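Student: File work21.tsv follows (TSV, C-alpha atoms and all ligand atoms):
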chain	number	residue	atom	x	y	z
A	1	MET	CA	101.18	115.75	125.42
A	2	LEU	CA	100.88	113.53	122.33
A	3	ALA	CA	100.29	109.78	122.34
A	4	ILE	CA	101.74	107.89	119.38
A	5	ILE	CA	100.60	104.33	118.74
A	6	SER	CA	101.20	101.78	115.98
A	7	ASP	CA	100.67	98.18	114.90
A	8	ILE	CA	97.39	97.53	116.68
A	9	HIS	CA	96.84	94.54	114.39
A	10	GLY	CA	93.18	93.95	115.17
A	11	ASN	CA	93.87	93.36	118.86
A	12	LEU	CA	90.92	95.06	120.58
A	13	GLU	CA	91.91	94.08	124.14
A	14	ALA	CA	95.38	95.62	123.71
A	15	LEU	CA	93.97	98.75	122.05
A	16	THR	CA	91.32	99.27	124.75
A	17	ALA	CA	93.93	98.92	127.51
A	18	VAL	CA	96.24	101.37	125.74
A	19	LEU	CA	93.46	103.92	125.18
A	20	ASP	CA	92.59	103.75	128.89
A	21	HIS	CA	96.26	104.24	129.75
A	22	ILE	CA	96.53	107.20	127.35
A	23	GLN	CA	93.63	108.84	129.17
A	24	SER	CA	95.53	108.57	132.44
A	25	GLN	CA	98.49	110.33	130.78
A	26	LYS	CA	96.25	113.25	129.82
A	27	ALA	CA	97.33	113.13	126.17
A	28	THR	CA	95.41	115.58	124.02
A	29	GLU	CA	95.92	113.79	120.71
A	30	ILE	CA	96.45	110.25	119.42
A	31	LEU	CA	98.52	109.68	116.27
A	32	CYS	CA	98.57	106.23	114.68
A	33	LEU	CA	101.45	105.02	112.50
A	34	GLY	CA	99.63	102.20	110.71
A	35	ASP	CA	98.75	98.49	110.74
A	36	VAL	CA	95.46	98.94	112.57
A	37	VAL	CA	94.42	95.61	111.00
A	38	GLY	CA	96.09	92.30	110.16
A	39	TYR	CA	96.86	89.26	112.39
A	40	GLY	CA	94.20	90.00	115.02
A	41	PRO	CA	90.54	88.93	115.37
A	42	ASP	CA	88.86	92.37	115.71
A	43	PRO	CA	89.72	94.52	112.69
A	44	LEU	CA	86.31	96.24	112.52
A	45	ALA	CA	86.18	97.24	116.20
A	46	CYS	CA	89.74	98.59	115.97
A	47	LEU	CA	88.85	100.58	112.84
A	48	GLU	CA	85.91	102.15	114.71
A	49	MET	CA	88.41	103.54	117.21
A	50	ALA	CA	91.09	104.41	114.66
A	51	VAL	CA	88.84	106.81	112.75
A	52	THR	CA	88.78	109.04	115.85
A	53	PHE	CA	92.60	109.46	115.90
A	54	SER	CA	94.22	112.67	114.59
A	55	PHE	CA	95.70	110.71	111.72
A	56	ASN	CA	96.35	107.15	110.55
A	57	LEU	CA	99.30	106.22	108.37
A	58	CYS	CA	99.05	103.41	105.86
A	59	GLY	CA	100.82	100.28	107.11
A	60	ASN	CA	101.90	97.31	105.02
A	61	HIS	CA	98.87	95.36	106.24
A	62	GLU	CA	96.47	98.07	105.09
A	63	GLU	CA	98.36	98.10	101.78
A	64	GLY	CA	98.03	94.30	101.59
A	65	VAL	CA	94.26	94.53	102.07
A	66	ILE	CA	93.86	97.43	99.61
A	67	GLN	CA	96.02	95.88	96.91
A	68	LYS	CA	97.08	92.28	97.49
A	69	PRO	CA	99.59	90.71	99.87
A	70	ILE	CA	103.09	90.66	98.34
A	71	ASP	CA	106.20	89.44	100.18
A	72	PHE	CA	104.31	88.45	103.36
A	73	SER	CA	104.97	85.33	105.41
A	74	ARG	CA	102.46	82.49	104.93
A	75	ASN	CA	100.68	83.29	108.24
A	76	ALA	CA	100.58	87.03	107.52
A	77	GLU	CA	99.18	86.40	104.06
A	78	ILE	CA	96.42	84.14	105.43
A	79	ALA	CA	95.62	86.85	108.01
A	80	ILE	CA	95.45	89.59	105.37
A	81	LYS	CA	93.09	87.56	103.21
A	82	TRP	CA	90.93	86.82	106.27
A	83	THR	CA	90.97	90.51	107.25
A	84	LYS	CA	90.01	91.54	103.72
A	85	ARG	CA	86.91	89.33	103.95
A	86	GLN	CA	85.91	91.04	107.23
A	87	VAL	CA	86.43	94.68	106.21
A	88	GLU	CA	85.79	94.93	102.49
A	89	GLY	CA	82.54	96.64	101.62
A	90	THR	CA	81.94	97.96	105.15
A	91	ALA	CA	81.27	101.64	105.81
A	92	ILE	CA	83.94	101.82	108.51
A	93	TRP	CA	86.65	100.55	106.13
A	94	SER	CA	85.72	103.26	103.58
A	95	GLU	CA	85.70	105.88	106.32
A	96	PHE	CA	89.10	104.66	107.58
A	97	LEU	CA	90.62	104.71	104.07
A	98	ASN	CA	89.69	108.40	103.84
A	99	THR	CA	91.82	109.14	106.93
A	100	LEU	CA	94.94	107.35	105.63
A	101	SER	CA	98.16	108.99	104.50
A	102	LEU	CA	101.62	107.65	103.66
A	103	THR	CA	103.61	110.00	105.89
A	104	GLU	CA	102.82	113.05	108.02
A	105	LYS	CA	105.07	115.97	108.91
A	106	ARG	CA	104.51	118.37	111.78
A	107	GLY	CA	107.25	120.97	112.19
A	108	ASN	CA	110.58	119.18	112.59
A	109	ILE	CA	108.95	115.78	113.18
A	110	LEU	CA	108.22	113.22	110.47
A	111	TYR	CA	105.93	110.21	110.98
A	112	ALA	CA	106.14	107.03	108.88
A	113	HIS	CA	105.06	103.41	109.32
A	114	GLY	CA	108.38	101.76	108.40
A	115	SER	CA	110.91	104.39	107.29
A	116	PRO	CA	111.09	107.83	105.65
A	117	LYS	CA	112.49	106.29	102.44
A	118	LEU	CA	110.05	103.41	101.97
A	119	PRO	CA	107.17	104.22	104.34
A	120	THR	CA	105.16	101.02	104.09
A	121	SER	CA	107.87	98.46	103.45
A	122	GLU	CA	111.30	99.19	104.91
A	123	TYR	CA	112.28	97.62	108.26
A	124	LEU	CA	114.82	99.65	110.27
A	125	LEU	CA	116.41	97.08	112.55
A	126	PRO	CA	118.92	97.36	115.41
A	127	SER	CA	121.33	95.30	113.27
A	128	ASP	CA	121.32	98.08	110.64
A	129	ILE	CA	123.71	100.00	112.87
A	130	GLY	CA	126.26	97.37	111.76
A	131	GLU	CA	129.91	97.10	112.59
A	132	PRO	CA	132.02	100.28	112.70
A	133	GLU	CA	134.48	98.78	110.18
A	134	SER	CA	131.79	97.85	107.67
A	135	PRO	CA	131.92	100.04	104.53
A	136	THR	CA	128.16	99.65	104.03
A	137	ARG	CA	127.38	100.52	107.63
A	138	PRO	CA	125.85	103.96	107.21
A	139	THR	CA	124.09	103.57	103.86
A	140	LYS	CA	120.63	102.26	104.84
A	141	LEU	CA	120.18	104.46	107.88
A	142	LYS	CA	121.97	107.46	106.35
A	143	SER	CA	119.66	107.48	103.32
A	144	ASN	CA	116.77	107.73	105.79
A	145	PHE	CA	118.35	110.41	107.99
A	146	ASP	CA	118.94	112.44	104.79
A	147	LEU	CA	115.18	112.53	104.20
A	148	MET	CA	114.24	113.98	107.61
A	149	GLU	CA	114.74	117.29	109.29
A	150	GLU	CA	115.28	116.31	112.91
A	151	TYR	CA	113.16	113.50	114.38
A	152	CYS	CA	111.13	110.67	112.89
A	153	PHE	CA	108.70	108.31	114.65
A	154	VAL	CA	108.18	104.85	113.15
A	155	GLY	CA	106.62	101.47	113.99
A	156	HIS	CA	106.53	98.40	111.69
A	157	THR	CA	109.25	96.21	113.28
A	158	HIS	CA	107.38	96.02	116.63
A	159	LEU	CA	110.77	96.64	118.29
A	160	PRO	CA	110.83	99.82	120.41
A	161	GLY	CA	114.12	101.74	120.34
A	162	VAL	CA	116.10	104.72	119.01
A	163	PHE	CA	118.50	105.09	116.08
A	164	LEU	CA	120.85	108.05	116.32
A	165	GLU	CA	122.53	109.71	113.34
A	166	SER	CA	125.87	108.99	115.06
A	167	MET	CA	125.10	105.30	114.35
A	168	LYS	CA	124.11	104.30	117.84
A	169	TYR	CA	121.11	102.17	118.79
A	170	ILE	CA	119.45	102.56	122.18
A	171	ALA	CA	116.94	100.09	123.63
A	172	PRO	CA	114.28	101.61	125.93
A	173	GLN	CA	115.15	99.25	128.81
A	174	ASP	CA	118.67	100.73	128.86
A	175	ILE	CA	117.34	104.26	129.43
A	176	ASN	CA	114.49	103.50	131.82
A	177	ASN	CA	111.95	103.93	128.98
A	178	HIS	CA	112.68	107.65	128.76
A	179	PHE	CA	114.59	109.37	125.93
A	180	VAL	CA	115.45	113.07	125.79
A	181	LEU	CA	115.31	114.22	122.16
A	182	PRO	CA	118.85	115.36	121.22
A	183	ARG	CA	119.44	118.91	120.03
A	184	ASN	CA	122.59	118.19	118.05
A	185	GLU	CA	121.70	115.12	115.98
A	186	LYS	CA	118.82	113.44	114.21
A	187	ALA	CA	116.94	110.54	115.80
A	188	ILE	CA	114.54	107.86	114.55
A	189	ILE	CA	112.32	106.60	117.35
A	190	ASN	CA	110.51	103.26	117.07
A	191	ILE	CA	107.43	103.36	119.27
A	192	GLY	CA	106.79	99.60	119.45
A	193	SER	CA	103.52	97.76	118.85
A	194	VAL	CA	100.16	97.91	120.61
A	195	GLY	CA	98.77	94.57	119.49
A	196	GLN	CA	101.68	92.23	118.78
A	197	SER	CA	104.89	92.98	120.65
A	198	ARG	CA	108.02	91.21	119.44
A	199	ASP	CA	110.60	92.24	122.02
A	200	HIS	CA	109.85	89.33	124.38
A	201	ASN	CA	107.65	91.54	126.55
A	202	PRO	CA	104.02	90.58	125.81
A	203	ASN	CA	102.59	93.86	127.13
A	204	ALA	CA	101.26	96.46	124.70
A	205	CYS	CA	103.67	99.28	123.89
A	206	TYR	CA	103.22	102.93	122.86
A	207	VAL	CA	104.84	106.32	123.55
A	208	THR	CA	103.91	109.75	124.80
A	209	THR	CA	105.91	112.87	123.98
A	210	ASP	CA	105.86	116.52	124.96
A	211	GLY	CA	108.21	117.44	122.07
A	212	HIS	CA	111.28	117.41	124.32
A	213	SER	CA	111.40	113.79	125.42
A	214	VAL	CA	109.74	110.46	124.68
A	215	ARG	CA	108.42	107.91	127.15
A	216	TRP	CA	107.59	104.28	126.27
A	217	HIS	CA	104.70	102.75	128.21
A	218	ARG	CA	104.12	99.01	128.64
A	219	VAL	CA	100.49	98.13	129.27
A	220	PRO	CA	99.29	94.66	130.32
A	221	TYR	CA	96.03	93.48	128.75
A	222	ASP	CA	93.82	90.39	128.64
A	223	LEU	CA	95.80	88.56	125.99
A	224	GLY	CA	94.12	85.26	126.91
A	225	LYS	CA	90.88	86.75	125.60
A	226	THR	CA	92.53	87.82	122.34
A	227	GLN	CA	94.05	84.34	121.96
A	228	MET	CA	90.64	82.73	122.52
A	229	LYS	CA	89.09	84.96	119.86
A	230	ILE	CA	91.85	84.11	117.36
A	231	ARG	CA	91.30	80.40	118.01
A	232	GLY	CA	87.60	80.91	117.27
A	233	THR	CA	88.37	82.16	113.74
A	234	ALA	CA	90.12	80.68	110.70
A	235	LEU	CA	93.26	82.66	111.62
A	236	PRO	CA	96.41	80.51	112.17
A	237	GLU	CA	96.90	79.17	115.72
A	238	PHE	CA	100.48	80.47	115.54
A	239	LEU	CA	99.13	84.05	115.75
A	240	ALA	CA	97.47	83.28	119.10
A	241	ASN	CA	100.53	81.53	120.56
A	242	ARG	CA	103.02	84.29	119.70
A	243	LEU	CA	101.09	86.92	121.72
A	244	ALA	CA	102.02	85.28	125.03
A	245	LEU	CA	105.66	85.05	124.01
A	246	GLY	CA	105.98	88.61	122.74
A	247	GLU	CA	107.64	87.45	119.55
B	301	FE	FE	102.95	95.57	111.99
Mind turning this structure into structure tokens?
Ligand SMILES: [Fe+2]
Tutor:
Amino acid sequence: MLAIISDIHGNLEALTAVLDHIQSQKATEILCLGDVVGYGPDPLACLEMAVTFSFNLCGNHEEGVIQKPIDFSRNAEIAIKWTKRQVEGTAIWSEFLNTLSLTEKRGNILYAHGSPKLPTSEYLLPSDIGEPESPTRPTKLKSNFDLMEEYCFVGHTHLPGVFLESMKYIAPQDINNHFVLPRNEKAIINIGSVGQSRDHNPNACYVTTDGHSVRWHRVPYDLGKTQMKIRGTALPEFLANRLALGE
């Protein structure tokens, strides 16, 4: 059993709760699809845990810290600059950078932060399925399906769900949080976010998979503590408030 997590965003309380939950699922490996840092108040403590995962992909927030923030919202940019001041020059940041890759491939499964085509920057959204009559409907998703063999796991949007090659989108709540990997078509599975959910459910989200099916788990955590920590830093208040709303 594999556990796949993403978008921890410096939220130590969410990460700790998820790691405890993963233990109860008897997962043998943890794969991380990026954005360990950014937005949250505990980047260093989260990095300490991330270096023990089987791999870490580079998220747009890592990229923003390594290079400089481009095309981020005002609050995200402030958070990246704050994060950079916390991590730069530390041994754990150097160690973490050595574990980073852009994508990973294991057999017929590809792993990317955002998408196969533009791993750190492209957002695959439910609206990309589009209208059946639209001439542009398949282009964005199709160009990504063309780059993968069978299945791809992504994070980045913080919106758990599945895109099928037949241009269908499935939300986890419509399938009881359990998806059987199809044998006759490709699928892109969004695993949701550990540290900053945006699907109006404030609980942390991650998946486990045995290679035949995928299960999303929602894990409550002490988000009041995370909010208090954010309010004790120079991070924008907005980042504390959104955690309770799951948006
Ligand atoms: Fe993210």
Student: Write out as a tab-separated table the residues of chain A that have any atom within 8 Å of an atom of ligand FE 301 (chain B), one row each with the nearest atom pair and its distance in Å to one decimal, counting all atoms listed in the file, sorted by chain and then rising number.
Tutor:
residue	atom	partner	partner_atom	distance
A:Ser6	CA	B:FE301	FE	7.6
A:Asp7	CA	B:FE301	FE	4.5
A:Ile8	CA	B:FE301	FE	7.5
A:His9	CA	B:FE301	FE	6.6
A:Gly34	CA	B:FE301	FE	7.5
A:Asp35	CA	B:FE301	FE	5.3
A:Gly38	CA	B:FE301	FE	7.8
A:Gly59	CA	B:FE301	FE	7.1
A:Asn60	CA	B:FE301	FE	7.3
A:His61	CA	B:FE301	FE	7.1
A:Gly155	CA	B:FE301	FE	7.2
A:His156	CA	B:FE301	FE	4.6
A:Thr157	CA	B:FE301	FE	6.5
A:His158	CA	B:FE301	FE	6.4
A:Ser193	CA	B:FE301	FE	7.2
A:Gln196	CA	B:FE301	FE	7.7
Student: Pull C-alpha atoms from the residues just selected and write them as a tab-separated table (two decimals), in the frame of the given file.
Tutor:
chain	number	residue	atom	x	y	z
A	6	SER	CA	101.20	101.78	115.98
A	7	ASP	CA	100.67	98.18	114.90
A	8	ILE	CA	97.39	97.53	116.68
A	9	HIS	CA	96.84	94.54	114.39
A	34	GLY	CA	99.63	102.20	110.71
A	35	ASP	CA	98.75	98.49	110.74
A	38	GLY	CA	96.09	92.30	110.16
A	59	GLY	CA	100.82	100.28	107.11
A	60	ASN	CA	101.90	97.31	105.02
A	61	HIS	CA	98.87	95.36	106.24
A	155	GLY	CA	106.62	101.47	113.99
A	156	HIS	CA	106.53	98.40	111.69
A	157	THR	CA	109.25	96.21	113.28
A	158	HIS	CA	107.38	96.02	116.63
A	193	SER	CA	103.52	97.76	118.85
A	196	GLN	CA	101.68	92.23	118.78
Student: Find the spatial neighbours of Ile5 (chain A), counting all atoms listed in the file, within a cut-off of 10 Å - ignore same-chain residues fewer than 4 positions away - and output them as a tab-separated table (two decimals) with C-alpha atoms, in the coordinates of the input.
Tutor:
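As written to disk, selection25.tsv reads:
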chain	number	residue	atom	x	y	z
A	15	LEU	CA	93.97	98.75	122.05
A	18	VAL	CA	96.24	101.37	125.74
A	19	LEU	CA	93.46	103.92	125.18
A	22	ILE	CA	96.53	107.20	127.35
A	30	ILE	CA	96.45	110.25	119.42
A	31	LEU	CA	98.52	109.68	116.27
A	32	CYS	CA	98.57	106.23	114.68
A	33	LEU	CA	101.45	105.02	112.50
A	34	GLY	CA	99.63	102.20	110.71
A	36	VAL	CA	95.46	98.94	112.57
A	53	PHE	CA	92.60	109.46	115.90
A	56	ASN	CA	96.35	107.15	110.55
A	153	PHE	CA	108.70	108.31	114.65
A	154	VAL	CA	108.18	104.85	113.15
A	155	GLY	CA	106.62	101.47	113.99
A	191	ILE	CA	107.43	103.36	119.27
A	192	GLY	CA	106.79	99.60	119.45
A	193	SER	CA	103.52	97.76	118.85
A	194	VAL	CA	100.16	97.91	120.61
A	195	GLY	CA	98.77	94.57	119.49
A	204	ALA	CA	101.26	96.46	124.70
A	205	CYS	CA	103.67	99.28	123.89
A	206	TYR	CA	103.22	102.93	122.86
A	207	VAL	CA	104.84	106.32	123.55
A	208	THR	CA	103.91	109.75	124.80
Student: Quick check, in Å to one decimal: how far apart do CA of Leu47 (chain A) and CA of Lys68 (chain A) lie?
Tutor: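 CA of Lys68 (chain A) lies 19.3 Å from CA of Leu47 (chain A).
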Student: Any idea what the distance is between CA of Ala244 (chain A) and CA of His200 (chain A)?
Tutor: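 Spanning CA of Ala244 (chain A) to CA of His200 (chain A) is a straight-line distance of 8.8 Å.
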Student: Compare A:Asp199, A:Glu104, A:Glu95, A:Glu13 by their minimum atom-to-atom distance to Pro126 (chain A), counting only C-alpha atoms, and give me the closest one.
Tutor: A:Asp199
Student: In Å, with one decimal, what is the gap from CA of Gly40 (chain A) to CA of Phe96 (chain A)?
Tutor: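 Interatomic distance here is 17.2 Å.
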Student: For Ala79 (chain A), which residue out of A:Tyr151, A:Tyr111, A:Trp93, A:Tyr39 is the nearest one, using all atoms listed in the file?
Tutor: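 When distances to Ala79 (chain A) are compared using all atoms listed in the file, the smallest one comes from A:Tyr39.
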Student: Taking only C-alpha atoms into account, which of A:Leu2, A:Ile80, A:Ile129, A:Ala45 comes nearest Ile92 (chain A)?
Tutor: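 Looking at the shortest contact to Ile92 (chain A), the residue is A:Ala45.
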Student: Given all atoms listed in the file as the basis, pick out the residue of A:Thr209, A:Ser54, A:Asn241, A:Thr120 nearest to Met228 (chain A).
Tutor: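 Smallest distance to Met228 (chain A) is found for A:Asn241.
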Student: Around (110.1, 106.1, 131.3) in the file's own coordinates, what residues are found within 12 Å if you use all atoms listed in the file, given back as a list in words?
Tutor: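 Residues lying no farther than 12 Å from the given point: Ala171, Pro172, Gln173, Asp174, Ile175, Asn176, Asn177, His178, Phe179, Val180, Cys205, Tyr206, Val207, Thr208, Thr209, Ser213, Val214, Arg215, Trp216, His217 and Arg218 of chain A.
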Student: Tell me which of A:Leu159, A:Ile189, A:Leu102, A:Leu124 sits closest to Glu63 (chain A), counting all atoms listed in the file.
Tutor: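 Among the listed residues, the smallest separation from Glu63 (chain A) belongs to A:Leu102.
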Student: I want to know what sits within 7 Å of Pro43 (chain A), based on only C-alpha atoms, with residues of the same chain fewer than 4 positions away left out; could you give that as a PyMOL selection string?
Tutor: chain A and resi 10+37+47+83
Student: Suppose we keep C-alpha atoms; can you now write the selection as a PDB file, in the frame of the given file?
Tutor:
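Result saved to again.pdb:
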ATOM      1  CA  GLY A  10      93.180  93.950 115.170  1.00  0.00           C
ATOM      2  CA  VAL A  37      94.420  95.610 111.000  1.00  0.00           C
ATOM      3  CA  LEU A  47      88.850 100.580 112.840  1.00  0.00           C
ATOM      4  CA  THR A  83      90.970  90.510 107.250  1.00  0.00           C
TER       5      THR A  83
END
Student: Between A:Val87, A:Phe163, A:Leu235, A:Asp71, single out the one closest to Cys46 (chain A), counting only C-alpha atoms.
Tutor: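 Looking at the shortest contact to Cys46 (chain A), the residue is A:Val87.
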